[in-house]
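Q: Input structure: start.csv, which contains CSV, C-alpha atoms (C1' of nucleotides).
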```csv
chain,number,residue,atom,x,y,z
B,22,MET,CA,19.9,16.6,5.8
B,23,GLU,CA,16.2,17.0,5.4
B,24,ALA,CA,16.6,18.2,1.9
B,25,PHE,CA,19.0,15.4,1.2
B,26,ASP,CA,16.5,12.8,2.3
B,27,VAL,CA,13.7,14.5,0.3
B,28,THR,CA,15.7,14.2,-2.9
B,29,ALA,CA,16.8,10.7,-2.0
B,30,LEU,CA,13.1,9.7,-1.6
B,31,ARG,CA,11.9,11.4,-4.8
B,32,GLY,CA,14.8,10.0,-6.7
B,33,ARG,CA,13.4,6.6,-6.1
B,34,GLY,CA,9.9,7.6,-6.9
B,35,LEU,CA,8.8,7.8,-3.3
B,36,ARG,CA,6.9,10.7,-1.8
B,37,ALA,CA,8.6,12.7,0.9
B,38,THR,CA,6.2,12.5,3.7
B,39,ARG,CA,6.8,13.4,7.3
B,40,PRO,CA,6.7,9.9,8.6
B,41,ARG,CA,9.3,8.8,6.1
B,42,LEU,CA,11.6,11.8,6.8
B,43,ALA,CA,11.3,11.1,10.5
B,44,VAL,CA,12.1,7.5,10.1
B,45,LEU,CA,15.2,8.4,8.0
B,46,ALA,CA,16.3,10.9,10.6
B,47,THR,CA,15.8,8.4,13.4
B,48,LEU,CA,17.9,5.8,11.6
B,49,ARG,CA,20.6,8.3,11.0
B,50,ARG,CA,20.7,9.1,14.7
B,51,ARG,CA,20.4,5.5,15.8
B,52,PRO,CA,21.6,2.8,13.5
B,53,HIS,CA,20.4,-0.7,14.1
B,54,ALA,CA,17.2,0.5,15.7
B,55,SER,CA,14.3,-2.0,16.0
B,56,ALA,CA,10.9,-1.1,14.5
B,57,GLU,CA,9.6,-0.5,18.0
B,58,GLU,CA,12.5,1.9,18.8
B,59,VAL,CA,11.8,3.7,15.5
B,60,VAL,CA,8.2,4.1,16.4
B,61,ARG,CA,9.1,5.5,19.8
B,62,GLU,CA,11.6,7.9,18.5
B,63,VAL,CA,9.4,9.1,15.6
B,64,ARG,CA,6.6,9.8,17.9
B,65,GLU,CA,8.7,12.3,19.8
B,66,SER,CA,8.9,14.5,16.8
B,67,LEU,CA,5.6,13.7,15.2
B,68,ASP,CA,2.3,13.6,17.2
B,69,ALA,CA,0.7,10.5,15.9
B,70,VAL,CA,2.3,7.8,13.8
B,71,SER,CA,0.8,4.4,13.7
B,72,VAL,CA,3.0,1.3,14.2
B,73,GLN,CA,1.8,0.1,10.8
B,74,ALA,CA,2.9,3.2,9.1
B,75,VAL,CA,6.4,2.7,10.4
B,76,TYR,CA,6.4,-0.9,9.2
B,77,ASP,CA,5.1,0.3,5.9
B,78,VAL,CA,7.7,3.0,5.7
B,79,LEU,CA,10.5,0.6,6.6
B,80,ASN,CA,9.4,-1.9,4.0
B,81,ALA,CA,9.1,0.8,1.4
B,82,LEU,CA,12.6,2.2,2.2
B,83,ALA,CA,14.1,-1.3,2.3
B,84,LEU,CA,12.6,-2.2,-1.0
B,85,SER,CA,13.9,1.0,-2.6
B,86,GLY,CA,17.4,0.3,-1.1
B,87,LEU,CA,17.5,3.3,1.2
B,88,VAL,CA,17.3,1.1,4.3
B,89,ARG,CA,18.8,-2.2,5.1
B,90,ARG,CA,17.1,-4.7,7.2
B,91,VAL,CA,19.2,-6.8,9.5
B,92,ASP,CA,18.1,-9.6,11.7
B,93,PRO,CA,20.7,-11.6,13.4
B,94,THR,CA,19.8,-15.2,14.3
B,95,GLY,CA,18.1,-15.4,17.6
B,96,ALA,CA,17.3,-11.7,17.8
B,97,ARG,CA,13.6,-11.1,18.7
B,98,ALA,CA,13.0,-8.2,16.3
B,99,ALA,CA,14.6,-7.1,13.1
B,100,ARG,CA,16.9,-4.1,13.1
B,101,TYR,CA,17.1,-1.4,10.5
B,102,GLU,CA,19.9,0.9,9.3
B,103,LEU,CA,20.5,3.4,6.5
B,104,ASP,CA,21.9,1.6,3.5
B,105,VAL,CA,25.0,3.7,2.9
B,106,GLY,CA,26.1,1.4,0.2
B,107,ASP,CA,29.5,0.5,1.7
B,108,ASN,CA,28.3,-3.1,2.4
B,109,HIS,CA,29.9,-3.2,5.8
B,110,HIS,CA,29.4,-6.2,8.1
B,111,HIS,CA,28.1,-6.6,11.7
B,112,LEU,CA,29.6,-7.5,15.0
B,113,VAL,CA,26.9,-8.8,17.3
B,114,CYS,CA,27.2,-9.4,21.0
B,115,ARG,CA,25.7,-12.7,22.2
B,116,GLY,CA,25.2,-11.2,25.6
B,117,CYS,CA,23.3,-8.0,25.1
B,118,GLY,CA,22.6,-8.0,21.4
B,119,LEU,CA,24.6,-4.9,20.7
B,120,ILE,CA,25.4,-4.4,17.1
B,121,VAL,CA,28.4,-2.6,15.8
B,122,ASP,CA,29.4,-1.9,12.2
B,123,VAL,CA,32.7,-3.2,10.9
B,124,PRO,CA,34.1,-2.5,7.5
B,125,CYS,CA,34.8,-5.3,5.1
B,126,ALA,CA,37.6,-7.3,6.8
B,127,VAL,CA,39.7,-7.9,3.8
B,128,GLY,CA,39.0,-5.2,1.3
B,129,HIS,CA,38.7,-7.6,-1.7
B,130,ALA,CA,36.1,-9.9,-3.1
B,131,VAL,CA,37.3,-13.0,-1.3
B,132,CYS,CA,34.3,-13.1,1.0
B,133,LEU,CA,31.9,-12.7,-1.9
B,134,GLN,CA,33.0,-15.8,-3.7
B,135,PRO,CA,32.0,-19.1,-2.1
B,136,ALA,CA,34.0,-22.1,-3.1
B,137,LEU,CA,31.0,-23.6,-5.0
B,138,ASP,CA,28.2,-21.5,-6.3
B,139,HIS,CA,25.8,-24.4,-7.0
B,140,GLY,CA,24.5,-22.5,-10.1
B,141,PHE,CA,23.5,-19.5,-8.1
B,142,ALA,CA,23.6,-16.0,-9.4
B,143,LEU,CA,25.3,-14.3,-6.5
B,144,ALA,CA,24.1,-10.9,-5.5
B,145,GLU,CA,25.6,-10.2,-2.2
B,146,SER,CA,27.3,-11.6,0.8
B,147,GLU,CA,26.7,-10.9,4.4
B,148,VAL,CA,29.1,-11.5,7.2
B,149,THR,CA,28.1,-11.6,10.9
B,150,TYR,CA,30.7,-11.8,13.6
B,151,TRP,CA,29.5,-13.2,16.9
B,152,GLY,CA,31.1,-12.6,20.3
B,153,LEU,CA,30.9,-10.8,23.6
B,154,CYS,CA,31.2,-7.0,23.8
B,155,SER,CA,33.7,-5.7,26.3
B,156,ARG,CA,31.0,-4.9,28.9
B,157,CYS,CA,29.4,-8.4,28.7
B,158,GLN,CA,32.9,-9.9,29.1
B,159,THR,CA,33.4,-8.2,32.4
B,160,GLU,CA,29.9,-8.7,33.7
B,161,ALA,CA,29.8,-12.4,33.6
B,162,THR,CA,26.3,-12.1,35.1
B,163,GLY,CA,24.9,-10.5,32.0
B,164,PRO,CA,21.9,-12.2,30.3
B,165,VAL,CA,23.3,-14.9,28.2
B,166,ARG,CA,21.3,-15.7,25.2
B,167,VAL,CA,22.8,-18.6,23.4
B,168,THR,CA,20.9,-19.1,20.2
B,169,ALA,CA,22.7,-20.9,17.5
B,170,SER,CA,25.8,-23.0,17.6
B,171,THR,CA,28.1,-22.7,20.5
B,172,ALA,CA,31.5,-21.2,20.7
B,173,LEU,CA,34.1,-22.0,18.1
B,174,PRO,CA,37.6,-22.6,19.3
B,175,GLU,CA,39.7,-21.4,16.5
B,176,GLY,CA,40.4,-21.8,12.8
B,177,PRO,CA,38.7,-21.1,9.5
B,178,ALA,CA,35.3,-19.8,9.5
R,614,MET,CA,22.9,-44.2,12.9
R,615,GLU,CA,20.4,-44.7,15.7
R,616,ALA,CA,23.1,-45.9,18.0
R,617,PHE,CA,25.3,-43.1,17.0
R,618,ASP,CA,22.7,-40.6,17.9
R,619,VAL,CA,22.0,-42.3,21.2
R,620,THR,CA,25.6,-42.0,22.3
R,621,ALA,CA,25.8,-38.5,21.0
R,622,LEU,CA,22.8,-37.5,23.1
R,623,ARG,CA,23.9,-39.4,26.2
R,624,GLY,CA,27.4,-37.9,25.8
R,625,ARG,CA,25.9,-34.5,26.3
R,626,GLY,CA,23.8,-35.6,29.3
R,627,LEU,CA,20.6,-35.8,27.3
R,628,ARG,CA,18.2,-38.6,27.3
R,629,ALA,CA,17.7,-40.6,24.1
R,630,THR,CA,14.0,-40.3,23.6
R,631,ARG,CA,12.1,-41.2,20.5
R,632,PRO,CA,11.2,-37.7,19.6
R,633,ARG,CA,14.8,-36.6,19.8
R,634,LEU,CA,16.1,-39.5,17.7
R,635,ALA,CA,13.4,-38.8,15.2
R,636,VAL,CA,14.3,-35.1,15.0
R,637,LEU,CA,18.0,-36.0,14.5
R,638,ALA,CA,17.0,-38.5,11.8
R,639,THR,CA,14.9,-35.9,10.1
R,640,LEU,CA,17.6,-33.3,10.1
R,641,ARG,CA,20.0,-35.9,8.7
R,642,ARG,CA,17.6,-36.6,5.8
R,643,ARG,CA,16.7,-32.9,5.3
R,644,PRO,CA,19.1,-30.3,6.3
R,645,HIS,CA,17.8,-26.7,6.7
R,646,ALA,CA,14.3,-27.9,7.6
R,647,SER,CA,12.0,-25.5,9.4
R,648,ALA,CA,10.4,-26.5,12.7
R,649,GLU,CA,7.2,-27.1,10.9
R,650,GLU,CA,8.8,-29.4,8.4
R,651,VAL,CA,10.5,-31.3,11.2
R,652,VAL,CA,7.1,-31.7,12.9
R,653,ARG,CA,5.5,-33.1,9.7
R,654,GLU,CA,8.4,-35.5,9.0
R,655,VAL,CA,8.7,-36.7,12.6
R,656,ARG,CA,4.9,-37.4,12.7
R,657,GLU,CA,5.4,-39.8,9.8
R,658,SER,CA,7.5,-42.2,11.9
R,659,LEU,CA,6.0,-41.4,15.3
R,660,ASP,CA,2.3,-41.3,15.9
R,661,ALA,CA,1.9,-38.3,18.0
R,662,VAL,CA,4.4,-35.6,18.7
R,663,SER,CA,3.4,-32.2,19.8
R,664,VAL,CA,4.7,-29.1,18.1
R,665,GLN,CA,6.0,-27.9,21.4
R,666,ALA,CA,7.9,-31.1,21.9
R,667,VAL,CA,9.7,-30.5,18.6
R,668,TYR,CA,10.6,-26.9,19.6
R,669,ASP,CA,11.8,-28.1,22.9
R,670,VAL,CA,13.9,-30.8,21.3
R,671,LEU,CA,15.3,-28.4,18.8
R,672,ASN,CA,16.2,-25.9,21.5
R,673,ALA,CA,17.8,-28.6,23.7
R,674,LEU,CA,19.8,-29.9,20.8
R,675,ALA,CA,20.9,-26.5,19.8
R,676,LEU,CA,21.9,-25.7,23.3
R,677,SER,CA,24.0,-28.8,23.5
R,678,GLY,CA,25.6,-28.1,20.1
R,679,LEU,CA,24.2,-31.0,18.2
R,680,VAL,CA,22.0,-28.8,16.1
R,681,ARG,CA,22.6,-25.4,14.6
R,682,ARG,CA,19.8,-22.9,14.2
R,683,VAL,CA,19.9,-20.7,11.1
R,684,ASP,CA,17.6,-17.9,10.2
R,685,PRO,CA,18.4,-15.9,7.2
R,686,THR,CA,17.3,-12.3,7.3
R,687,GLY,CA,13.7,-12.1,6.0
R,688,ALA,CA,12.9,-15.7,6.4
R,689,ARG,CA,9.6,-16.3,8.1
R,690,ALA,CA,10.7,-19.3,10.1
R,691,ALA,CA,14.1,-20.5,11.5
R,692,ARG,CA,15.8,-23.4,9.9
R,693,TYR,CA,17.7,-26.2,11.6
R,694,GLU,CA,20.6,-28.4,10.6
R,695,LEU,CA,22.9,-30.9,12.3
R,696,ASP,CA,25.9,-29.2,13.6
R,697,VAL,CA,28.7,-31.2,12.0
R,698,GLY,CA,31.3,-28.9,13.3
R,699,ASP,CA,32.7,-27.9,9.9
R,700,ASN,CA,31.5,-24.4,10.3
R,701,HIS,CA,30.3,-24.2,6.7
R,702,HIS,CA,28.4,-21.2,5.3
R,703,HIS,CA,25.1,-20.8,3.5
R,704,LEU,CA,24.0,-19.8,0.1
R,705,VAL,CA,20.4,-18.5,0.2
R,706,CYS,CA,18.1,-18.0,-2.8
R,707,ARG,CA,16.2,-14.7,-2.7
R,708,GLY,CA,13.6,-16.2,-4.9
R,709,CYS,CA,12.5,-19.4,-3.2
R,710,GLY,CA,14.4,-19.4,0.0
R,711,LEU,CA,16.4,-22.5,-0.9
R,712,ILE,CA,19.5,-22.9,1.3
R,713,VAL,CA,22.6,-24.7,0.2
R,714,ASP,CA,25.7,-25.4,2.2
R,715,VAL,CA,29.1,-24.1,1.0
R,716,PRO,CA,32.4,-24.9,2.6
R,717,CYS,CA,34.4,-22.0,3.9
R,718,ALA,CA,35.4,-20.0,0.8
R,719,VAL,CA,38.9,-19.3,1.6
R,720,GLY,CA,40.2,-22.0,3.9
R,721,HIS,CA,41.9,-19.6,6.2
R,722,ALA,CA,40.9,-17.3,9.1
R,723,VAL,CA,40.5,-14.2,7.0
R,724,CYS,CA,36.7,-14.2,7.4
R,725,LEU,CA,36.9,-14.7,11.1
R,726,GLN,CA,38.8,-11.5,11.8
R,727,PRO,CA,37.0,-8.2,11.2
R,728,ALA,CA,39.2,-5.2,10.6
R,729,LEU,CA,38.2,-3.7,14.0
R,730,ASP,CA,37.0,-5.8,16.9
R,731,HIS,CA,35.6,-3.0,19.0
R,732,GLY,CA,36.8,-4.8,22.1
R,733,PHE,CA,34.7,-7.8,21.4
R,734,ALA,CA,35.8,-11.3,22.3
R,735,LEU,CA,35.1,-13.0,19.0
R,736,ALA,CA,33.5,-16.5,19.1
R,737,GLU,CA,32.4,-17.2,15.6
R,738,SER,CA,31.7,-15.7,12.2
R,739,GLU,CA,28.9,-16.5,9.9
R,740,VAL,CA,28.7,-15.8,6.2
R,741,THR,CA,25.6,-15.8,4.2
R,742,TYR,CA,25.7,-15.5,0.4
R,743,TRP,CA,22.6,-14.2,-1.3
R,744,GLY,CA,21.5,-14.8,-4.8
R,745,LEU,CA,19.1,-16.6,-7.1
R,746,CYS,CA,19.2,-20.3,-7.6
R,747,SER,CA,19.4,-21.6,-11.1
R,748,ARG,CA,15.7,-22.4,-11.2
R,749,CYS,CA,14.6,-19.0,-10.0
R,750,GLN,CA,16.9,-17.5,-12.6
R,751,THR,CA,15.1,-19.1,-15.5
R,752,GLU,CA,11.6,-18.7,-14.0
R,753,ALA,CA,11.6,-14.9,-13.9
R,754,THR,CA,8.1,-15.3,-12.7
R,755,GLY,CA,9.1,-16.9,-9.4
R,756,PRO,CA,8.0,-15.3,-6.2
R,757,VAL,CA,10.4,-12.5,-5.5
R,758,ARG,CA,10.9,-11.8,-1.9
R,759,VAL,CA,13.2,-8.9,-1.6
R,760,THR,CA,13.9,-8.5,2.0
R,761,ALA,CA,17.0,-6.6,2.8
R,762,SER,CA,19.2,-4.4,0.7
R,763,THR,CA,18.9,-4.8,-3.1
R,764,ALA,CA,21.4,-6.3,-5.4
R,765,LEU,CA,25.0,-5.3,-5.1
R,766,PRO,CA,26.7,-4.7,-8.4
R,767,GLU,CA,30.3,-5.8,-7.7
R,768,GLY,CA,33.2,-5.3,-5.4
R,769,PRO,CA,34.1,-6.0,-1.9
R,770,ALA,CA,31.7,-7.5,0.5
E,893,DG,C1',13.1,-57.0,37.1
E,894,DT,C1',11.3,-53.3,39.8
E,895,DT,C1',11.4,-48.7,41.8
E,896,DG,C1',11.9,-43.9,41.9
E,897,DC,C1',13.7,-39.6,40.6
E,898,DT,C1',14.1,-36.2,37.2
E,899,DG,C1',14.1,-34.7,32.8
E,900,DT,C1',10.7,-34.8,28.8
E,901,DC,C1',6.5,-34.7,26.6
E,902,DT,C1',1.4,-33.2,26.2
E,903,DT,C1',-2.2,-30.0,26.2
E,904,DG,C1',-3.7,-25.5,26.0
E,905,DA,C1',-3.1,-20.9,26.1
E,906,DA,C1',-0.4,-16.7,25.6
E,907,DC,C1',2.9,-13.6,23.4
E,908,DG,C1',5.3,-10.4,20.3
E,909,DA,C1',6.5,-9.1,15.7
E,910,DT,C1',4.6,-8.4,11.6
E,911,DT,C1',1.0,-8.2,8.0
E,912,DC,C1',-3.6,-7.6,6.0
E,913,DC,C1',-7.7,-4.9,5.2
E,914,DA,C1',-10.8,-1.1,4.4
E,915,DG,C1',-11.3,3.5,4.7
E,916,DT,C1',-9.5,8.4,5.0
E,917,DG,C1',-5.9,11.8,4.0
E,918,DT,C1',-2.5,14.4,1.7
E,919,DG,C1',1.8,15.1,-1.3
E,920,DG,C1',2.9,17.0,-5.5
E,921,DG,C1',2.5,16.7,-10.7
E,922,DG,C1',-0.6,18.8,-13.9
S,1381,DC,C1',-4.9,25.4,-7.1
S,1382,DC,C1',-6.9,20.7,-7.8
S,1383,DC,C1',-7.2,16.1,-8.1
S,1384,DC,C1',-6.1,11.3,-7.4
S,1385,DA,C1',-2.8,7.8,-6.7
S,1386,DC,C1',0.0,6.8,-3.1
S,1387,DA,C1',0.4,6.9,2.0
S,1388,DC,C1',-1.4,6.7,6.5
S,1389,DT,C1',-4.8,5.2,10.3
S,1390,DG,C1',-7.1,1.9,13.2
S,1391,DG,C1',-8.4,-2.5,14.0
S,1392,DA,C1',-8.0,-7.2,13.6
S,1393,DA,C1',-5.7,-11.3,12.2
S,1394,DT,C1',-1.7,-14.4,11.4
S,1395,DC,C1',2.3,-16.9,12.3
S,1396,DG,C1',6.3,-18.6,14.7
S,1397,DT,C1',7.6,-19.4,19.0
S,1398,DT,C1',7.3,-19.7,24.1
S,1399,DC,C1',5.2,-20.3,28.7
S,1400,DA,C1',2.8,-23.2,32.4
S,1401,DA,C1',1.2,-27.1,34.7
S,1402,DG,C1',0.6,-31.7,34.9
S,1403,DA,C1',1.3,-36.6,33.0
S,1404,DC,C1',4.7,-39.7,31.4
S,1405,DA,C1',8.9,-42.4,30.7
S,1406,DG,C1',14.3,-42.9,30.5
S,1407,DC,C1',17.6,-44.8,33.0
S,1408,DA,C1',20.4,-45.5,37.3
S,1409,DA,C1',20.2,-47.9,41.5
S,1410,DC,C1',18.7,-51.6,44.0
```
What do you get writing this file as structure tokens?

A:
Amino acid sequence: MEAFDVTALRGRGLRATRPRLAVLATLRRRPHASAEEVVREVRESLDAVSVQAVYDVLNALALSGLVRRVDPTGARAARYELDVGDNHHHLVCRGCGLIVDVPCAVGHAVCLQPALDHGFALAESEVTYWGLCSRCQTEATGPVRVTASTALPEGPA
Amino acid sequence: MEAFDVTALRGRGLRATRPRLAVLATLRRRPHASAEEVVREVRESLDAVSVQAVYDVLNALALSGLVRRVDPTGARAARYELDVGDNHHHLVCRGCGLIVDVPCAVGHAVCLQPALDHGFALAESEVTYWGLCSRCQTEATGPVRVTASTALPEGPA
DNA sequence: GTTGCTGTCTTGAACGATTCCAGTGTGGGG
DNA sequence: CCCCACACTGGAATCGTTCAAGACAGCAAC
């Protein structure tokens, strides 16, 4: 695991430093961690790591494609996950902010091709499903954080 | 237009105030405006409107479903648009941040249903297409703001 | 038209996530 | 093993957004 990360980093021309390896290990353990969570977790294995170092590491890893940055509309802080290259999508709970991975719904490129491309060179498409997780459904008292448009009754999306 | 907005506001139990009407007019003229742009534009028709008033208005309108808040991963500031209820998607330029509306690509509910719902009660799905707009494709010198994962070669999304 | 209540706007300050800067250190190719 | 470019540290700044308290103004009732 360690060795794997070391080669992954070197393969992209990045040095294999302790903070970087710790960040990768953290994201493997906890996908969708916020920068703050990463800092907390990394500090449990390494004595002193600055917040800025973590941001720097996350940016460097995101730039090199090892890490994917996700920030759902309305979330306070960005989340990070290892970029495993499967281009999965996310299911986000409007109640508690829980993020769950879901594989591509359809298995073909239909989601990648918008009806009109307006002259864009398309690189990627990203799908976010919004809803309420099972726990927030039962606890109607959960913190409700309505951020964007309200519920959609049915139909095409 | 004015009258239409007035009834729309009152219909949701909101007062029809000048700042609110001005914000709605601004968003009709410029979809995907940031809060700052809205402030600037609104101040051209109204003498004095505070930044906080605009944020308050945008939040109130978003909560009532008249306005949709969009913030693409990596964007500094959130964007706002009138919620016309057609649940369209967005095409975002990685170069300059330009946002363009696209109708739902497929016209059926395939995008709304992830393969696994993990017990979630789904409310909505949101698709963001990433790429380079035609201008940024020609100007290779444009500001490149890589934020999340890097380009995806092909295949399912 | 006037009055009064309540929801809105204003001013001013705070907050949290992220970034910038300058200096120190350390990984790893030579 | 040595050196230096790349990484990390600490501190401060920035930027979008929100909070709080008080002044103001829609609009419903009279």

Q: Residues within 7 Å of Ser647 of chain R, please, as a PyMOL selection string. Count all atoms listed in the file; anything in the same chain fewer than 5 positions from it doesn't count.

A: chain R and resi 690-693

Q: Measuring between only C-alpha atoms (C1' of nucleotides), which one of B:Ala96, B:Ala29, B:Val63, B:Ala43 shows the shortest distance to chain E?

A: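 Nearest candidate to chain E out of B:Ala96, B:Ala29, B:Val63, B:Ala43: B:Ala96.
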
Q: For a quick check of understanding, using all atoms listed in the file, which of B:Val59, B:Leu35, B:Val148, B:Val105 has the smallest distance to chain R?

A: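 Closest residue, counting all atoms listed in the file: B:Val148.
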
Q: Between atom C1' of DG920 of chain E and atom CA of Ala69 of chain B, what is the spacing in Å?

A: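 So the answer is 22.5 Å.
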
Q: Give as a list of chain:residue names every residue, naming chains and numbers as the document does, that has an atom within 12 Å of (-2.6, 9.6, 1.4), counting all atoms listed in the file.

A: B:Arg36, B:Ala37, B:Thr38, B:Arg39, B:Pro40, B:Ala74, E:DG915, E:DT916, E:DG917, E:DT918, E:DG919, E:DG920, S:DC1384, S:DA1385, S:DC1386, S:DA1387, S:DC1388, S:DT1389

Q: I want to know what sits within 10 Å of Ala142 of chain B, based on all atoms listed in the file, with residues of the same chain fewer than 4 positions away left out; could you give that as a list in words?

A: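 Non-adjacent residues within range: Asp138 of chain B; Cys706, Trp743, Gly744, Leu745, Cys746, Ser747, Cys749 and Gln750 of chain R.
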
Q: Select all residues from chain E having any atom no more than 12 Å from an atom of chain B (counting all atoms listed in the file, ignoring ligands), output as a list in words.

A: DC907, DG908, DA909, DT910, DT911, DC912, DT918, DG919, DG920 and DG921 of chain E

Q: Limited to C-alpha atoms (C1' of nucleotides), could you put the picked residues into a file as a compact mmCIF listing (two decimals), keeping the file's coordinate frame?

A:
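out38.txt, freshly written:
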```txt
# COMPACT_ATOMS: atom_id res chain seq x y z
C1' DC E 907 2.90 -13.60 23.40
C1' DG E 908 5.30 -10.40 20.30
C1' DA E 909 6.50 -9.10 15.70
C1' DT E 910 4.60 -8.40 11.60
C1' DT E 911 1.00 -8.20 8.00
C1' DC E 912 -3.60 -7.60 6.00
C1' DT E 918 -2.50 14.40 1.70
C1' DG E 919 1.80 15.10 -1.30
C1' DG E 920 2.90 17.00 -5.50
C1' DG E 921 2.50 16.70 -10.70
```
